[in-house]
Structure formats: C-alpha cells, structure tokens
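K.L.:
Contents of start23.cif (mmCIF, C-alpha atoms (C1' of nucleotides)):
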```
data_target
#
loop_
_atom_site.label_atom_id
_atom_site.label_comp_id
_atom_site.auth_asym_id
_atom_site.auth_seq_id
_atom_site.Cartn_x
_atom_site.Cartn_y
_atom_site.Cartn_z
CA MET A 3 33.09 -4.96 20.19
CA VAL A 4 31.74 -7.32 17.58
CA GLN A 5 28.16 -6.86 16.45
CA GLU A 6 25.84 -9.80 16.11
CA THR A 7 24.09 -8.27 13.12
CA GLY A 8 26.39 -9.35 10.37
CA LYS A 9 26.59 -5.73 9.22
CA THR A 10 29.50 -4.80 11.43
CA GLU A 11 29.73 -1.18 10.30
CA GLU A 12 26.20 -0.28 11.28
CA LYS A 13 24.66 -0.15 14.68
CA LEU A 14 21.77 -1.53 16.59
CA THR A 15 20.54 1.83 17.81
CA ARG A 16 17.99 2.32 20.57
CA GLN A 17 15.21 2.62 18.00
CA ARG A 18 16.26 -0.47 16.06
CA ASP A 19 16.58 -2.40 19.25
CA ALA A 20 13.10 -1.34 20.34
CA VAL A 21 11.67 -2.54 17.02
CA LEU A 22 13.55 -5.83 17.30
CA ARG A 23 12.33 -6.37 20.86
CA VAL A 24 8.73 -5.83 19.83
CA ILE A 25 9.01 -8.46 17.13
CA ARG A 26 10.86 -10.91 19.37
CA SER A 27 8.31 -10.46 22.14
CA ARG A 28 5.42 -11.57 20.00
CA GLU A 29 4.14 -14.92 18.91
CA ASP A 30 2.14 -13.41 16.07
CA HIS A 31 3.15 -11.46 12.98
CA PRO A 32 2.67 -7.75 13.58
CA THR A 33 2.40 -5.15 10.84
CA ALA A 34 4.70 -2.12 10.69
CA ASN A 35 1.94 -0.06 12.21
CA GLU A 36 1.39 -2.45 15.11
CA ILE A 37 5.12 -2.43 15.73
CA PHE A 38 5.08 1.37 15.65
CA GLN A 39 2.33 1.48 18.31
CA ALA A 40 4.12 -1.01 20.55
CA ALA A 41 7.52 0.60 20.16
CA ARG A 42 6.06 3.92 21.26
CA ASP A 43 5.36 2.44 24.69
CA HIS A 44 9.10 2.21 25.23
CA LEU A 45 10.30 5.06 23.05
CA PRO A 46 7.51 7.64 22.84
CA THR A 47 9.21 9.81 20.22
CA ILE A 48 9.98 7.08 17.70
CA SER A 49 8.62 7.97 14.31
CA HIS A 50 6.81 6.16 11.60
CA ALA A 51 9.71 6.48 9.18
CA THR A 52 12.18 5.15 11.71
CA VAL A 53 10.12 2.03 12.20
CA TYR A 54 10.21 1.42 8.47
CA ASN A 55 13.91 2.18 8.30
CA SER A 56 14.59 -0.09 11.25
CA LEU A 57 12.58 -2.89 9.72
CA ARG A 58 14.60 -2.62 6.53
CA PHE A 59 17.82 -2.61 8.52
CA LEU A 60 16.84 -5.63 10.63
CA LYS A 61 15.69 -7.50 7.57
CA GLU A 62 18.96 -6.88 5.76
CA ALA A 63 20.87 -7.91 8.86
CA GLY A 64 18.89 -11.16 8.86
CA LEU A 65 17.39 -10.54 12.28
CA VAL A 66 13.76 -10.51 11.21
CA HIS A 67 11.79 -11.91 8.32
CA GLU A 68 9.27 -10.00 6.24
CA ILE A 69 6.09 -11.67 5.02
CA LYS A 70 4.11 -10.10 2.20
CA PHE A 71 0.86 -11.52 1.00
CA GLY A 72 -0.54 -8.43 -0.63
CA ASP A 73 -3.58 -8.63 1.63
CA GLY A 74 -2.92 -5.36 3.37
CA ALA A 75 0.36 -4.63 5.08
CA SER A 76 3.61 -6.58 5.30
CA ARG A 77 3.98 -8.62 8.43
CA TYR A 78 7.15 -9.28 10.37
CA ASP A 79 8.31 -12.54 11.83
CA ARG A 80 10.99 -13.26 14.42
CA GLU A 81 11.55 -16.65 12.78
CA THR A 82 14.28 -16.17 10.20
CA ASP A 83 14.88 -19.76 9.11
CA ARG A 84 13.20 -20.94 5.93
CA HIS A 85 9.59 -21.85 6.60
CA ASP A 86 6.14 -21.88 5.08
CA HIS A 87 2.85 -20.20 5.89
CA ALA A 88 -0.80 -21.03 6.20
CA ILE A 89 -3.39 -18.26 5.89
CA CYS A 90 -7.00 -18.56 6.95
CA ASN A 91 -9.40 -17.60 4.21
CA ASP A 92 -12.01 -16.64 6.81
CA CYS A 93 -10.20 -14.66 9.51
CA GLY A 94 -6.81 -13.98 7.93
CA LYS A 95 -4.83 -15.73 10.66
CA LEU A 96 -1.25 -16.43 9.64
CA VAL A 97 0.58 -19.49 10.95
CA ASP A 98 4.19 -20.61 10.47
CA PHE A 99 5.18 -24.17 9.78
CA ASP A 100 8.05 -25.90 8.07
CA LEU A 101 7.59 -28.41 5.32
CA PRO A 102 11.05 -29.66 4.42
CA GLN A 103 9.62 -31.30 1.32
CA ALA A 104 8.84 -27.84 -0.02
CA ALA A 105 12.52 -26.94 0.09
CA ASP A 106 13.27 -30.07 -1.90
CA LEU A 107 11.16 -28.77 -4.77
CA MET A 108 13.41 -25.81 -5.43
CA GLN A 109 15.43 -27.56 -8.12
CA ALA A 110 12.32 -28.84 -9.87
CA ALA A 111 10.79 -25.37 -9.76
CA ALA A 112 14.01 -23.88 -11.13
CA ARG A 113 14.00 -26.37 -13.98
CA LYS A 114 10.42 -25.59 -14.96
CA SER A 115 10.76 -21.83 -14.70
CA LYS A 116 14.35 -21.58 -16.00
CA PHE A 117 15.17 -19.31 -13.06
CA GLN A 118 18.36 -19.50 -11.06
CA PRO A 119 16.81 -20.40 -7.71
CA ALA A 120 17.31 -18.43 -4.51
CA SER A 121 14.44 -19.56 -2.26
CA VAL A 122 11.10 -21.33 -2.29
CA HIS A 123 8.08 -20.71 -0.20
CA LEU A 124 4.86 -22.65 0.07
CA THR A 125 1.56 -21.06 1.03
CA LEU A 126 -1.42 -23.03 2.20
CA ARG A 127 -4.82 -21.37 2.14
CA GLY A 128 -7.70 -22.86 4.04
CA LYS A 129 -9.57 -22.69 7.30
CA CYS A 130 -7.77 -22.32 10.62
CA PRO A 131 -8.73 -24.55 13.56
CA ASP A 132 -10.79 -21.79 15.19
CA CYS A 133 -12.80 -20.99 12.08
CA ARG A 134 -13.35 -24.68 11.46
CA LYS A 135 -15.29 -24.96 14.68
CA ALA A 136 -17.43 -21.88 14.02
CA MET B 3 -29.72 -17.53 -22.02
CA VAL B 4 -27.38 -19.30 -19.69
CA GLN B 5 -24.29 -17.42 -18.60
CA GLU B 6 -20.92 -19.04 -18.63
CA THR B 7 -19.84 -17.16 -15.54
CA GLY B 8 -21.12 -19.49 -12.87
CA LYS B 9 -22.88 -16.52 -11.27
CA THR B 10 -26.04 -16.88 -13.27
CA GLU B 11 -27.79 -13.89 -11.69
CA GLU B 12 -25.15 -11.35 -12.63
CA LYS B 13 -24.11 -10.15 -16.01
CA LEU B 14 -21.04 -9.83 -18.12
CA THR B 15 -21.57 -6.16 -18.91
CA ARG B 16 -19.74 -4.26 -21.59
CA GLN B 17 -17.24 -2.99 -19.03
CA ARG B 18 -16.60 -6.39 -17.47
CA ASP B 19 -16.22 -7.92 -20.89
CA ALA B 20 -13.70 -5.26 -21.87
CA VAL B 21 -11.65 -6.00 -18.75
CA LEU B 22 -11.82 -9.73 -19.40
CA ARG B 23 -10.74 -9.26 -23.02
CA VAL B 24 -7.73 -7.22 -21.96
CA ILE B 25 -6.60 -9.95 -19.60
CA ARG B 26 -7.23 -12.73 -22.11
CA SER B 27 -5.37 -10.84 -24.81
CA ARG B 28 -2.16 -10.71 -22.84
CA GLU B 29 0.60 -13.18 -22.19
CA ASP B 30 1.86 -11.22 -19.20
CA HIS B 31 0.28 -10.31 -15.88
CA PRO B 32 -1.03 -6.77 -16.04
CA THR B 33 -1.83 -4.63 -13.01
CA ALA B 34 -5.24 -3.06 -12.48
CA ASN B 35 -3.86 0.20 -13.78
CA GLU B 36 -2.45 -1.36 -16.94
CA ILE B 37 -5.81 -3.00 -17.50
CA PHE B 38 -7.50 0.35 -16.96
CA GLN B 39 -5.31 2.00 -19.61
CA ALA B 40 -5.90 -0.79 -22.12
CA ALA B 41 -9.64 -0.99 -21.48
CA ARG B 42 -9.94 2.74 -22.18
CA ASP B 43 -8.88 2.13 -25.77
CA HIS B 44 -12.12 0.26 -26.28
CA LEU B 45 -14.36 1.98 -23.77
CA PRO B 46 -13.06 5.52 -23.27
CA THR B 47 -15.37 6.38 -20.38
CA ILE B 48 -14.62 3.35 -18.23
CA SER B 49 -13.57 4.39 -14.75
CA HIS B 50 -10.98 3.30 -12.35
CA ALA B 51 -13.51 2.01 -9.85
CA THR B 52 -15.28 -0.02 -12.51
CA VAL B 53 -12.06 -1.77 -13.42
CA TYR B 54 -11.59 -2.75 -9.79
CA ASN B 55 -15.23 -3.82 -9.49
CA SER B 56 -14.99 -5.81 -12.70
CA LEU B 57 -11.82 -7.52 -11.55
CA ARG B 58 -13.54 -8.55 -8.33
CA PHE B 59 -16.51 -9.84 -10.29
CA LEU B 60 -14.39 -11.80 -12.76
CA LYS B 61 -12.30 -13.23 -9.96
CA GLU B 62 -15.38 -14.41 -8.07
CA ALA B 63 -16.77 -15.88 -11.25
CA GLY B 64 -13.53 -17.82 -11.68
CA LEU B 65 -12.71 -16.19 -15.00
CA VAL B 66 -9.45 -14.60 -13.95
CA HIS B 67 -6.88 -15.22 -11.27
CA GLU B 68 -5.40 -12.57 -8.99
CA ILE B 69 -1.75 -12.69 -7.99
CA LYS B 70 -0.62 -10.68 -4.98
CA PHE B 71 2.95 -10.53 -3.83
CA GLY B 72 2.82 -7.32 -1.88
CA ASP B 73 5.51 -5.79 -4.08
CA GLY B 74 3.35 -3.07 -5.53
CA ALA B 75 0.08 -3.80 -7.25
CA SER B 76 -1.92 -6.99 -7.70
CA ARG B 77 -1.49 -8.67 -11.04
CA TYR B 78 -4.10 -10.51 -13.02
CA ASP B 79 -3.71 -13.77 -14.85
CA ARG B 80 -5.90 -15.37 -17.52
CA GLU B 81 -4.71 -18.78 -16.30
CA THR B 82 -7.21 -19.94 -13.69
CA ASP B 83 -6.01 -23.50 -13.12
CA ARG B 84 -3.81 -24.13 -10.12
CA HIS B 85 -0.24 -23.15 -10.83
CA ASP B 86 2.90 -21.74 -9.25
CA HIS B 87 4.96 -18.62 -9.79
CA ALA B 88 8.57 -17.58 -10.09
CA ILE B 89 9.55 -13.98 -9.38
CA CYS B 90 12.83 -12.41 -10.36
CA ASN B 91 14.57 -10.75 -7.44
CA ASP B 92 16.32 -8.36 -9.82
CA CYS B 93 13.72 -7.17 -12.34
CA GLY B 94 10.46 -8.38 -10.80
CA LYS B 95 9.47 -10.53 -13.78
CA LEU B 96 6.69 -12.94 -12.95
CA VAL B 97 6.46 -16.33 -14.66
CA ASP B 98 3.82 -19.06 -14.40
CA PHE B 99 4.65 -22.73 -14.18
CA ASP B 100 3.00 -25.79 -12.76
CA LEU B 101 4.71 -28.10 -10.34
CA PRO B 102 2.28 -30.95 -9.71
CA GLN B 103 4.43 -32.08 -6.78
CA ALA B 104 3.49 -28.86 -5.00
CA ALA B 105 -0.15 -29.84 -5.11
CA ASP B 106 0.75 -33.16 -3.55
CA LEU B 107 2.07 -31.38 -0.48
CA MET B 108 -1.30 -29.94 0.46
CA GLN B 109 -2.16 -32.74 2.87
CA ALA B 110 1.23 -32.61 4.53
CA ALA B 111 0.92 -28.84 4.88
CA ALA B 112 -2.56 -29.24 6.33
CA ARG B 113 -1.31 -31.75 8.86
CA LYS B 114 1.50 -29.49 10.03
CA SER B 115 -0.58 -26.35 10.23
CA LYS B 116 -3.83 -27.97 11.42
CA PHE B 117 -5.70 -26.04 8.75
CA GLN B 118 -8.48 -27.45 6.64
CA PRO B 119 -6.79 -27.12 3.24
CA ALA B 120 -8.25 -25.25 0.30
CA SER B 121 -5.28 -24.58 -1.98
CA VAL B 122 -1.50 -24.54 -2.07
CA HIS B 123 0.80 -22.31 -3.97
CA LEU B 124 4.54 -22.42 -4.37
CA THR B 125 6.66 -19.35 -5.03
CA LEU B 126 10.18 -19.51 -6.34
CA ARG B 127 12.38 -16.45 -5.97
CA GLY B 128 15.56 -16.16 -7.96
CA LYS B 129 17.04 -14.75 -11.12
CA CYS B 130 15.17 -14.87 -14.42
CA PRO B 131 17.00 -16.01 -17.57
CA ASP B 132 17.43 -12.42 -18.79
CA CYS B 133 18.91 -11.15 -15.55
CA ARG B 134 21.18 -14.18 -15.35
CA LYS B 135 22.92 -13.08 -18.54
CA ALA B 136 23.36 -9.48 -17.42
"C1'" DC C 6 -43.47 3.07 -20.10
"C1'" DA C 7 -42.80 3.30 -14.87
"C1'" DT C 8 -40.27 0.96 -11.60
"C1'" DC C 9 -36.53 -1.09 -9.14
"C1'" DA C 10 -32.36 -3.26 -8.71
"C1'" DT C 11 -27.88 -3.21 -10.33
"C1'" DA C 12 -23.88 -1.05 -12.53
"C1'" DT C 13 -21.13 2.89 -13.65
"C1'" DT C 14 -18.96 7.24 -12.96
"C1'" DA C 15 -15.90 10.89 -10.94
"C1'" DG C 16 -13.74 12.14 -7.41
"C1'" DA C 17 -12.79 11.98 -2.44
"C1'" DA C 18 -10.89 9.12 1.16
"C1'" DT C 19 -7.96 5.62 3.03
"C1'" DT C 20 -3.88 2.88 3.73
"C1'" DA C 21 0.82 1.44 3.37
"C1'" DG C 22 4.97 2.95 2.57
"C1'" DT C 23 8.71 6.26 0.86
"C1'" DC C 24 10.96 10.69 0.58
"C1'" DT C 25 12.88 15.04 2.23
"C1'" DA C 26 15.16 18.37 4.83
"C1'" DA C 27 16.21 19.84 9.18
"C1'" DA C 28 17.62 18.47 13.78
"C1'" DT C 29 20.11 15.19 16.71
"C1'" DC C 30 23.44 11.59 17.95
"C1'" DT C 31 27.76 9.30 18.17
"C1'" DA C 32 32.45 8.73 17.54
"C1'" DT C 33 36.69 10.53 16.71
"C1'" DT C 34 40.04 14.17 16.57
"C1'" DT C 35 42.05 17.98 18.61
"C1'" DA D 15 35.82 19.61 26.43
"C1'" DA D 16 34.97 21.77 21.47
"C1'" DA D 17 34.84 20.76 16.70
"C1'" DT D 18 33.77 17.93 13.16
"C1'" DA D 19 31.90 14.37 10.07
"C1'" DG D 20 28.83 10.85 9.23
"C1'" DA D 21 24.95 8.29 10.30
"C1'" DT D 22 20.32 8.38 12.30
"C1'" DT D 23 16.01 10.23 13.62
"C1'" DT D 24 12.12 13.13 13.20
"C1'" DA D 25 7.76 15.23 11.38
"C1'" DG D 26 5.36 15.83 7.86
"C1'" DA D 27 4.72 15.94 2.84
"C1'" DC D 28 4.11 12.84 -0.82
"C1'" DT D 29 2.87 8.69 -3.80
"C1'" DA D 30 0.61 4.62 -5.35
"C1'" DA D 31 -2.91 1.18 -4.89
"C1'" DT D 32 -7.29 0.51 -3.70
"C1'" DT D 33 -11.89 1.39 -1.65
"C1'" DC D 34 -15.74 4.29 -0.68
"C1'" DT D 35 -19.49 7.52 -1.72
"C1'" DA D 36 -23.14 9.71 -3.77
"C1'" DA D 37 -25.16 10.85 -7.93
"C1'" DT D 38 -26.38 9.14 -12.46
"C1'" DA D 39 -27.27 5.72 -15.97
"C1'" DT D 40 -28.79 1.27 -17.59
"C1'" DG D 41 -31.72 -2.42 -18.37
"C1'" DA D 42 -34.95 -6.08 -17.30
"C1'" DT D 43 -39.74 -6.71 -15.67
"C1'" DG D 44 -44.52 -5.98 -14.76
#
```
Would you mind writing the file's structure down as structure tokens?

P.N.:
Amino acid sequence: MVQETGKTEEKLTRQRDAVLRVIRSREDHPTANEIFQAARDHLPTISHATVYNSLRFLKEAGLVHEIKFGDGASRYDRETDRHDHAICNDCGKLVDFDLPQAADLMQAAARKSKFQPASVHLTLRGKCPDCRKA
Amino acid sequence: MVQETGKTEEKLTRQRDAVLRVIRSREDHPTANEIFQAARDHLPTISHATVYNSLRFLKEAGLVHEIKFGDGASRYDRETDRHDHAICNDCGKLVDFDLPQAADLMQAAARKSKFQPASVHLTLRGKCPDCRKA
DNA sequence: CATCATATTAGAATTAGTCTAAATCTATTT
DNA sequence: AAATAGATTTAGACTAATTCTAATATGATG
C-alpha cells in the first residue's frame, strides 16, 4: 500500500499518527510539550522523546510545519503551504496569513544577500485585535 | 549630564559599556555566550547574568538589536535600523540586508492579519555564497 | 559619611530539546 | 508459529540557553 507521506520506506506509526492528529485537530499552534500532553490522552505511554522524533518525522514528510521565533518553544502548524505570521507583542498570540507579495520578494532578497534562495517568510509584529481593545 | 541611551534614569555602567563595545566591535552577530567570553577580556569578573541583564538593558535602550531564530541562541546586532536577514540552511550563517519593499508590505500584512502593525521583518532561507561553491 | 536604590555576582533552577541504551514492534523468512 | 533483523519507542540522563535568587557591592544623595 502506498503511503501518503512521501517517505515511502518509513511508516506512520501509532505514535506519529497520534501526534499528527493532535496538530490537525487544533486551530492554534501548539508547542511540543502541549502536543505531548494531548497525545497522552490517546496514547498514555507515549514519551517525550517520541513526540520530538515524531515531529521531526512529520516535518520531513511535509505533513506539518514548524515555526520558530526564539520566544520559547517551537510551535507546530497543520498548514504546510507557504505563509506568513503575525505575533502579538502583548500576549504572544500567533496568527497565520498569506501575503503573496512577500513571496514575490524572494528574488530581490536573494540579489541583495547573494544567497541562493529557498524560501521567504514575513513576520509582522504588533497588537492583535483582542489586545487592541484592552 | 544627559545620557544618550534614551532611558535617562538608568546608567551605562562599566559592564553594560563593555557589552556594548563588544557588539559594536564586531561585524558578525555574536551570541550572549560569545559576548560573555569577549567581555571577560576587559572585565574579568563580569558574570553571565550581568551579560544577559546588560543585553536586555541595551536592547530596551535601542542600542542593540536582538535576533532570534530559535536555532540555538539569540544573536545580537549593532545595526538597530529596520533590516532583514538571510540564513544559510547549510552552515547557519546570518547576513543582514535591507529590502525597503518589505517595509512597504506592513500595511498589507496588517490588513490580512487584523493586527495593529508595529514592525515587519523578512527572512530569506537559502544557501550562502560559500556553501554554494562547496 | 549614612542611607537607599540599583547593579553585580555566583551559582542554582528552569526550560526546551537531544542522546543513549535497553526494551518492544513489525515484517519477513523459515 | 519461531527466529531474525531493522526500525521504533521508552525512560531517564544530559546539554545548552536563559532566568532566578540571595547576598554583596556600588554609587548618588541628603
């Protein structure tokens, strides 16, 4: 049977599937630790290390997207298409959006930096709608 | 005497000045630990915690810029004007450049995300000139 | 020069993530 | 079904970056 992971030799084990389901079930962007807690509800013996291993596996298979902002832990996103992020300076909320114009700047960025481009990502910092009210 | 820090109540102590000098003396983007090592050459008793405290102080005073990509430690940059970064996927090299067009996207990003915008930052990932050759 | 706030120090604590070695699964072969 | 080989999982030790804590030092002010 053909896998849908793109890495046909390796398997979507019970543990990896549990991790994937957690991420797919959520609108937000959980950390590895939040995923670990949630996965335990379904698979009480799953370990810390396995969650990290599974996240690496799923990321390499292109099934989830990792977001790192250095403010604490990496976050994981079920949205794997190219997109951008907004982060609230007050509460830390993280929101996805896509700005196609950002993608268009890749060549210009490559020219300025002399890098061979692979991807571009735009980050907006500001105040989220909730914190704006308060 | 008026301070040039913008935080007129607080002082540029010997330790903070040493940290600032290290950052200003370098073309690259040292980590807190690299700054700690270098600062010790001038001020042998300076502590780890003081370097972190000084970095926070200098950042808040607008004298240095912190760069966080989640891959390991924060890096510090003497360039405090808005600018963008390119990171090498192979060797991790970090390069500054400015893409004024990125700044122009702030309003569009704000519209899409519904955030009140404060700043935008573009990150290019790819291969640096050195790794391209190899 | 006594006081009081602020800064510094050394080291402990915390957090995120990786590593290790033993145990367990899963296929596949007999 | 038993044996095997390879991949995966587990628990816990470990590491690196950063923050916290409590005691000490510094330095401006009355």

K.L.:
I need the residue set behind the PyMOL selection byres ((chain D and resi 24) around 8) for this file; please write it as a list of chain:residue names.

P.N.:
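In the shown coordinates, the PyMOL selection byres ((chain D and resi 24) around 8) covers A:Ile48, A:Ser49, C:DA28, D:DT23, D:DA25.
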
K.L.:
Can you write out as a tab-separated table which residues of chain B fall within 10 Å of chain C, alongside each residue's closest atom pair and its distance in Å to one decimal, counting only C-alpha atoms (C1' of nucleotides) and ordering rows by chain and ascending residue number?

P.N.:
```
residue	atom	partner	partner_atom	distance
B:Glu12	CA	C:DT11	C1'	8.9
B:Lys13	CA	C:DT11	C1'	9.7
B:Thr15	CA	C:DA12	C1'	8.5
B:Gln17	CA	C:DT13	C1'	8.9
B:Thr47	CA	C:DT14	C1'	8.3
B:Ile48	CA	C:DT14	C1'	7.9
B:Ser49	CA	C:DT14	C1'	6.4
B:His50	CA	C:DT14	C1'	8.9
B:Ala51	CA	C:DT14	C1'	8.2
B:Thr52	CA	C:DT13	C1'	6.6
B:Asn55	CA	C:DA12	C1'	9.6
```

K.L.:
Identify which of the residues D:DA42, D:DA17, D:DA36, D:DA30 lies closest to chain B, counting all atoms listed in the file when measuring atom-to-atom distances.

P.N.:
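Comparing D:DA42, D:DA17, D:DA36, D:DA30 against chain B, the winner is D:DA30.
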
K.L.:
What would the selection look like, as a PyMOL selection string, if the PyMOL selection byres ((chain A) within 12 of (chain B)) were run on the coordinates I just shared?

P.N.:
chain A and resi 68-77+85-92+95-135

K.L.:
I'd like the interatomic distance between CA of Leu22 (chain B) and C1' of DT35 (chain D), to a tenth of an Å.

P.N.:
25.9 Å

K.L.:
Grab the CA of His67 (chain B) to CA of Asp79 (chain B) distance for me, in Å with one decimal place.

P.N.:
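Value for the CA of His67 (chain B)-CA of Asp79 (chain B) distance: 5.0 Å.
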
K.L.:
Given the file shown, determine the residues that the PyMOL selection byres ((chain D) within 12 of (chain B)) selects; report them as a PyMOL selection string.

P.N.:
chain D and resi 29-35+40-42

K.L.:
Output, as lines of an AutoDock Vina configuration file, the centre and edge lengths in Å (one decimal) of the axis-aligned box that contains all listed atoms of region 107-121 of chain A with 5 Å of margin on each side.

P.N.:
```
center_x = 14.4
center_y = -23.6
center_z = -9.1
size_x = 17.9
size_y = 20.4
size_z = 23.7
```

K.L.:
Between CA of Gln39 (chain A) and CA of Val66 (chain A), what is the spacing in Å?

P.N.:
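These two atoms are separated by 18.0 Å.
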